[in-house]
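The structure file entry20.txt is reproduced below (compact mmCIF, C-alpha atoms and all ligand atoms).
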```
# COMPACT_ATOMS: atom_id res chain seq x y z
CA MET A 190 77.75 115.81 80.28
CA THR A 191 78.10 112.94 82.77
CA GLY A 192 75.02 111.21 81.28
CA GLU A 193 77.40 110.21 78.51
CA PHE A 194 79.26 107.86 80.89
CA ARG A 195 78.59 104.78 82.99
CA ILE A 196 80.44 103.42 86.02
CA ARG A 197 80.95 99.71 86.65
CA PRO A 198 83.33 97.47 88.63
CA ALA A 199 86.46 96.58 86.69
CA GLY A 200 87.30 93.05 85.56
CA PHE A 201 90.57 91.45 84.53
CA ALA A 202 89.82 92.24 80.86
CA ASP A 203 89.95 95.99 81.71
CA VAL A 204 93.47 95.97 83.16
CA LYS A 205 95.27 96.59 79.86
CA ALA A 206 93.21 99.75 79.21
CA ILE A 207 93.52 100.88 82.83
CA HIS A 208 97.29 100.51 82.68
CA ARG A 209 97.45 102.46 79.41
CA ILE A 210 95.67 105.38 81.13
CA GLU A 211 98.03 105.04 84.12
CA THR A 212 101.02 105.28 81.76
CA LEU A 213 99.61 108.42 80.13
CA SER A 214 98.80 110.04 83.48
CA PHE A 215 101.67 109.61 85.95
CA LEU A 216 105.42 110.08 86.18
CA THR A 217 105.73 107.14 88.57
CA ARG A 218 103.33 104.40 87.56
CA TRP A 219 101.71 101.34 89.01
CA SER A 220 102.62 98.14 87.19
CA ARG A 221 99.99 96.15 85.36
CA TRP A 222 100.34 93.51 88.06
CA SER A 223 99.42 96.08 90.74
CA PHE A 224 96.02 96.52 89.10
CA TYR A 225 95.52 92.74 88.88
CA SER A 226 96.42 92.35 92.54
CA GLU A 227 93.89 95.05 93.50
CA LEU A 228 91.20 93.02 91.71
CA LEU A 229 92.19 90.01 93.81
CA ASN A 230 92.18 91.94 97.11
CA PRO A 231 88.85 91.68 98.97
CA LEU A 232 89.41 95.09 100.65
CA SER A 233 89.90 96.79 97.30
CA THR A 234 87.46 98.08 94.68
CA THR A 235 88.34 99.21 91.17
CA LEU A 236 85.67 101.10 89.25
CA VAL A 237 85.89 102.08 85.60
CA ALA A 238 84.07 104.71 83.57
CA THR A 239 82.95 103.91 80.04
CA PRO A 240 81.06 105.85 77.40
CA ALA A 241 77.36 105.02 77.73
CA GLY A 242 77.24 103.46 74.28
CA ASP A 243 80.55 101.56 74.52
CA PRO A 244 80.81 99.62 77.82
CA SER A 245 84.05 97.89 76.88
CA ARG A 246 86.00 101.16 76.32
CA VAL A 247 87.60 102.31 79.60
CA VAL A 248 88.10 106.10 79.82
CA GLY A 249 88.95 106.39 83.52
CA TYR A 250 89.34 104.39 86.72
CA LEU A 251 89.28 104.67 90.50
CA VAL A 252 90.91 102.31 93.01
CA TYR A 253 90.03 102.45 96.70
CA TRP A 254 90.10 100.34 99.84
CA VAL A 255 87.51 100.22 102.59
CA ALA A 256 88.80 99.07 105.97
CA ALA A 257 88.04 99.96 109.58
CA GLY A 258 85.33 102.42 108.56
CA GLU A 259 87.64 104.38 106.25
CA MET A 260 87.77 104.70 102.49
CA HIS A 261 91.33 105.16 101.26
CA ILE A 262 91.49 106.40 97.68
CA LEU A 263 94.62 104.91 96.13
CA ASN A 264 94.45 105.77 92.45
CA LEU A 265 92.36 107.83 90.05
CA ALA A 266 92.99 108.84 86.45
CA VAL A 267 91.11 109.74 83.30
CA HIS A 268 92.44 109.26 79.78
CA PRO A 269 93.77 112.66 78.57
CA HIS A 270 91.37 112.61 75.61
CA TRP A 271 88.35 112.34 77.95
CA ARG A 272 89.29 114.90 80.63
CA ARG A 273 87.12 117.89 81.70
CA ARG A 274 83.92 116.03 80.89
CA GLY A 275 82.97 115.08 84.43
CA VAL A 276 84.40 111.54 84.35
CA ALA A 277 86.53 111.83 87.51
CA ARG A 278 83.72 113.52 89.41
CA LEU A 279 81.37 110.70 88.37
CA LEU A 280 83.89 108.00 89.40
CA LEU A 281 84.46 109.63 92.78
CA THR A 282 80.77 110.22 93.45
CA ALA A 283 80.03 106.59 92.61
CA GLY A 284 82.97 105.37 94.70
CA LEU A 285 82.06 107.52 97.71
CA GLY A 286 78.48 106.20 97.60
CA ARG A 287 79.61 102.59 97.34
CA ALA A 288 82.20 102.99 100.09
CA ARG A 289 79.57 104.44 102.38
CA GLY A 290 77.46 101.36 101.66
CA GLN A 291 80.52 99.24 102.55
CA GLY A 292 80.69 100.93 105.97
CA ALA A 293 83.08 103.85 105.37
CA ARG A 294 82.47 106.95 107.49
CA THR A 295 85.40 108.98 106.19
CA ALA A 296 87.33 109.08 102.94
CA TRP A 297 90.95 110.14 102.61
CA LEU A 298 93.74 110.33 100.05
CA GLU A 299 97.19 111.71 99.37
CA VAL A 300 97.77 114.27 96.61
CA ARG A 301 100.68 116.30 95.31
CA PRO A 302 100.31 120.00 96.21
CA SER A 303 101.39 120.76 92.60
CA ASN A 304 98.48 118.75 91.15
CA ARG A 305 96.07 121.64 90.66
CA PRO A 306 93.45 119.72 88.62
CA ALA A 307 93.21 116.99 91.26
CA LEU A 308 93.14 119.48 94.16
CA ALA A 309 90.34 121.45 92.45
CA LEU A 310 88.42 118.23 91.89
CA TYR A 311 88.74 117.02 95.49
CA GLU A 312 87.97 120.44 96.97
CA SER A 313 84.85 120.69 94.79
CA LEU A 314 83.65 117.46 96.42
CA GLY A 315 84.28 118.80 99.93
CA PHE A 316 87.65 117.22 100.77
CA VAL A 317 89.72 119.32 103.18
CA PRO A 318 93.44 119.20 104.01
CA VAL A 319 94.16 117.45 107.32
CA GLY A 320 97.89 116.85 107.15
CA ARG A 321 101.08 116.61 105.13
CA ARG A 322 103.68 113.85 104.64
CA PRO A 323 107.08 115.51 104.08
CA GLY A 324 109.04 114.24 101.05
CA TYR A 325 106.44 111.53 100.39
CA TYR A 326 106.90 111.35 96.61
CA GLU A 327 110.27 109.78 95.86
CA ASP A 328 110.40 110.91 92.21
CA THR A 329 110.28 114.66 92.95
CA GLY A 330 110.77 114.78 96.72
CA GLU A 331 107.45 116.58 96.95
CA ASP A 332 105.33 116.47 100.12
CA ALA A 333 101.94 114.75 100.05
CA LEU A 334 98.88 116.62 101.21
CA ILE A 335 96.40 114.42 103.06
CA LEU A 336 92.80 115.31 102.25
CA GLU A 337 89.75 113.99 104.07
CA LEU A 338 85.99 113.98 103.64
CA ALA A 339 83.38 113.00 106.22
CA LEU A 340 80.79 110.75 104.59
CA ALA A 341 77.18 111.50 105.50
CA PRO A 342 75.36 108.49 106.91
CA GLU A 343 73.06 106.64 104.51
CA GLU A 344 69.46 107.83 104.55
CA THR A 345 68.22 104.53 106.00
CA GLU A 346 70.40 105.09 109.08
CA THR A 347 68.99 108.52 109.98
CA PRO A 348 66.29 108.53 112.69
C1 LIG A 401 92.65 114.90 88.00
C2 LIG A 401 91.84 114.15 86.92
C3 LIG A 401 91.55 112.76 87.43
C4 LIG A 401 90.53 114.91 86.68
O1 LIG A 401 89.75 114.15 85.76
P1 LIG A 401 88.59 114.82 84.86
O2 LIG A 401 87.69 113.73 84.40
O3 LIG A 401 89.21 115.68 83.84
O4 LIG A 401 87.86 115.72 85.93
P2 LIG A 401 86.34 116.24 85.85
O5 LIG A 401 86.01 116.58 84.43
O6 LIG A 401 85.45 115.28 86.56
O7 LIG A 401 86.45 117.60 86.66
C5 LIG A 401 85.72 117.82 87.85
C6 LIG A 401 86.23 119.12 88.48
O8 LIG A 401 87.60 118.99 88.83
C7 LIG A 401 88.29 120.24 88.60
N1 LIG A 401 89.26 120.08 87.52
C8 LIG A 401 89.46 118.97 86.76
N2 LIG A 401 90.48 119.19 85.89
C9 LIG A 401 90.90 120.45 86.10
C10 LIG A 401 91.92 121.26 85.49
N3 LIG A 401 92.70 120.80 84.49
N4 LIG A 401 92.11 122.52 85.96
C11 LIG A 401 91.34 122.99 86.97
N5 LIG A 401 90.33 122.29 87.57
C12 LIG A 401 90.13 121.03 87.14
C13 LIG A 401 87.21 121.21 88.22
O9 LIG A 401 86.69 121.76 89.43
C14 LIG A 401 86.19 120.30 87.56
O10 LIG A 401 84.89 120.84 87.53
P3 LIG A 401 84.46 121.74 86.25
O11 LIG A 401 84.86 120.99 85.02
O12 LIG A 401 82.97 121.84 86.45
O13 LIG A 401 85.20 123.03 86.41
C15 LIG A 401 92.63 114.10 85.57
O14 LIG A 401 93.10 115.39 85.26
C16 LIG A 401 93.79 113.12 85.56
O15 LIG A 401 93.62 111.94 85.26
N6 LIG A 401 95.00 113.63 85.91
C17 LIG A 401 96.20 112.78 85.93
C18 LIG A 401 96.14 111.76 87.05
C19 LIG A 401 95.96 112.42 88.41
O16 LIG A 401 96.51 113.46 88.70
N7 LIG A 401 95.15 111.74 89.26
C20 LIG A 401 94.87 112.22 90.60
C21 LIG A 401 95.96 111.78 91.51
S1 LIG A 401 95.66 112.31 93.21
```

Encoded form (structure tokens):
Amino acid sequence: MTGEFRIRPAGFADVKAIHRIETLSFLTRWSRWSFYSELLNPLSTTLVATPAGDPSRVVGYLVYWVAAGEMHILNLAVHPHWRRRGVARLLLTAGLGRARGQGARTAWLEVRPSNRPALALYESLGFVPVGRRPGYYEDTGEDALILELALAPEETETP
């Protein structure tokens, strides 16, 4: 039930919780400083999901850039305890809408072909494979799949 959750921009006070989720979610992790530096970068947006009744508890996050009409999704994770409850879908839907408002016409990301949950999530939102970066992930030597989504123009722009 996604009505259980809210999405808001992250602040510096959220970084500790974001980094904890990062640590629980990835083999190769961003440092805590990486998340701080994203908050300082004007091209970058970090969104967090919180339970509706507990806005200070971070259960998931999304980091993306918007530049040159493109949204590049850089990081997404949900705390293991809160998975399969629609949190990632809600974060992405919110992020895609905001990025469109910031001028993005396409969204793209890299994903490991072995990451079935993430692939299922992105495909359910309409992302399609457009390329592959051989040996992109240094920890396993795995290729990266590049997925892309065309963003529909905002309603106010349609004739
Ligand atoms: C991938 C991840 C972000 C999904 O978060 P989530 O909040 O559990 O995802 P949601 O509940 O919003 O799921 C939305 C859809 O994604 C797909 N999906 C999510 N997890 C899945 C799983 N374990 N197996 C299969 N499909 C899955 C389903 O289509 C799901 O819809 P459904 O629940 O109606 O079937 C989460 O598993 C995670 O943090 N993984 C580790 C970090 C990671 O891999 N990040 C992505 C890097 S590219």

Protein and nucleic acid residues within 9 Å of ligand LIG 401 (chain A) (all atoms listed in the file) as a PDB file with C-alpha atoms, keeping the file's coordinate frame:
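result_17.pdb, written as the output of this step:
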```
ATOM      1  CA  THR A 191      78.100 112.940  82.770  1.00  0.00           C
ATOM      2  CA  ILE A 210      95.670 105.380  81.130  1.00  0.00           C
ATOM      3  CA  GLU A 211      98.030 105.040  84.120  1.00  0.00           C
ATOM      4  CA  LEU A 213      99.610 108.420  80.130  1.00  0.00           C
ATOM      5  CA  SER A 214      98.800 110.040  83.480  1.00  0.00           C
ATOM      6  CA  PHE A 215     101.670 109.610  85.950  1.00  0.00           C
ATOM      7  CA  VAL A 248      88.100 106.100  79.820  1.00  0.00           C
ATOM      8  CA  GLY A 249      88.950 106.390  83.520  1.00  0.00           C
ATOM      9  CA  TYR A 250      89.340 104.390  86.720  1.00  0.00           C
ATOM     10  CA  LEU A 251      89.280 104.670  90.500  1.00  0.00           C
ATOM     11  CA  ILE A 262      91.490 106.400  97.680  1.00  0.00           C
ATOM     12  CA  LEU A 263      94.620 104.910  96.130  1.00  0.00           C
ATOM     13  CA  ASN A 264      94.450 105.770  92.450  1.00  0.00           C
ATOM     14  CA  LEU A 265      92.360 107.830  90.050  1.00  0.00           C
ATOM     15  CA  ALA A 266      92.990 108.840  86.450  1.00  0.00           C
ATOM     16  CA  VAL A 267      91.110 109.740  83.300  1.00  0.00           C
ATOM     17  CA  HIS A 268      92.440 109.260  79.780  1.00  0.00           C
ATOM     18  CA  PRO A 269      93.770 112.660  78.570  1.00  0.00           C
ATOM     19  CA  TRP A 271      88.350 112.340  77.950  1.00  0.00           C
ATOM     20  CA  ARG A 272      89.290 114.900  80.630  1.00  0.00           C
ATOM     21  CA  ARG A 273      87.120 117.890  81.700  1.00  0.00           C
ATOM     22  CA  ARG A 274      83.920 116.030  80.890  1.00  0.00           C
ATOM     23  CA  GLY A 275      82.970 115.080  84.430  1.00  0.00           C
ATOM     24  CA  VAL A 276      84.400 111.540  84.350  1.00  0.00           C
ATOM     25  CA  ALA A 277      86.530 111.830  87.510  1.00  0.00           C
ATOM     26  CA  ARG A 278      83.720 113.520  89.410  1.00  0.00           C
ATOM     27  CA  LEU A 279      81.370 110.700  88.370  1.00  0.00           C
ATOM     28  CA  LEU A 280      83.890 108.000  89.400  1.00  0.00           C
ATOM     29  CA  LEU A 281      84.460 109.630  92.780  1.00  0.00           C
ATOM     30  CA  LEU A 298      93.740 110.330 100.050  1.00  0.00           C
ATOM     31  CA  GLU A 299      97.190 111.710  99.370  1.00  0.00           C
ATOM     32  CA  VAL A 300      97.770 114.270  96.610  1.00  0.00           C
ATOM     33  CA  ARG A 301     100.680 116.300  95.310  1.00  0.00           C
ATOM     34  CA  ASN A 304      98.480 118.750  91.150  1.00  0.00           C
ATOM     35  CA  ARG A 305      96.070 121.640  90.660  1.00  0.00           C
ATOM     36  CA  PRO A 306      93.450 119.720  88.620  1.00  0.00           C
ATOM     37  CA  ALA A 307      93.210 116.990  91.260  1.00  0.00           C
ATOM     38  CA  LEU A 308      93.140 119.480  94.160  1.00  0.00           C
ATOM     39  CA  ALA A 309      90.340 121.450  92.450  1.00  0.00           C
ATOM     40  CA  LEU A 310      88.420 118.230  91.890  1.00  0.00           C
ATOM     41  CA  TYR A 311      88.740 117.020  95.490  1.00  0.00           C
ATOM     42  CA  GLU A 312      87.970 120.440  96.970  1.00  0.00           C
ATOM     43  CA  SER A 313      84.850 120.690  94.790  1.00  0.00           C
ATOM     44  CA  LEU A 314      83.650 117.460  96.420  1.00  0.00           C
TER      45      LEU A 314
END
```

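Each of A:Gln291, A:Tyr225, A:Ala333, A:Thr239 was compared to A:Glu193 using all atoms listed in the file, and A:Thr239 turns out to be the nearest.
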
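Between A:Pro244 and the candidates A:Glu327, A:Glu337, A:Asp203, A:Asp332, the tightest atom-to-atom separation, counting all atoms listed in the file, involves A:Asp203.
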
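One finds atom CA of A:Val237 at 10.1 Å from atom CA of A:Gly284.
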
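Here atom CA of A:Arg287 is placed at a distance of 20.3 Å from atom CA of A:Pro240.
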
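Nearest-residue note for A:Gly315: choosing from A:Thr329, A:Ser303, A:Thr282, A:Thr234, the minimum distance belongs to A:Thr282, counting all atoms listed in the file.
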
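Atom CA of A:Tyr253 is positioned 23.2 Å from atom CA of A:Gly192.
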
Task: Among listed residues A:Val319, A:Trp254, A:Ala341, A:Leu285, nearest A:Asn230 (using all atoms listed in the file) - done: A:Trp254

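With distances restricted to all atoms listed in the file, A:His261 is the closest residue to A:Ile335 from A:Asp243, A:Ala288, A:Leu216, A:His261.
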
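Among the candidates A:Phe316, A:Pro302, A:Arg321, A:Tyr326, the residue lying nearest to A:Leu338 is A:Phe316 (atoms considered: all atoms listed in the file).
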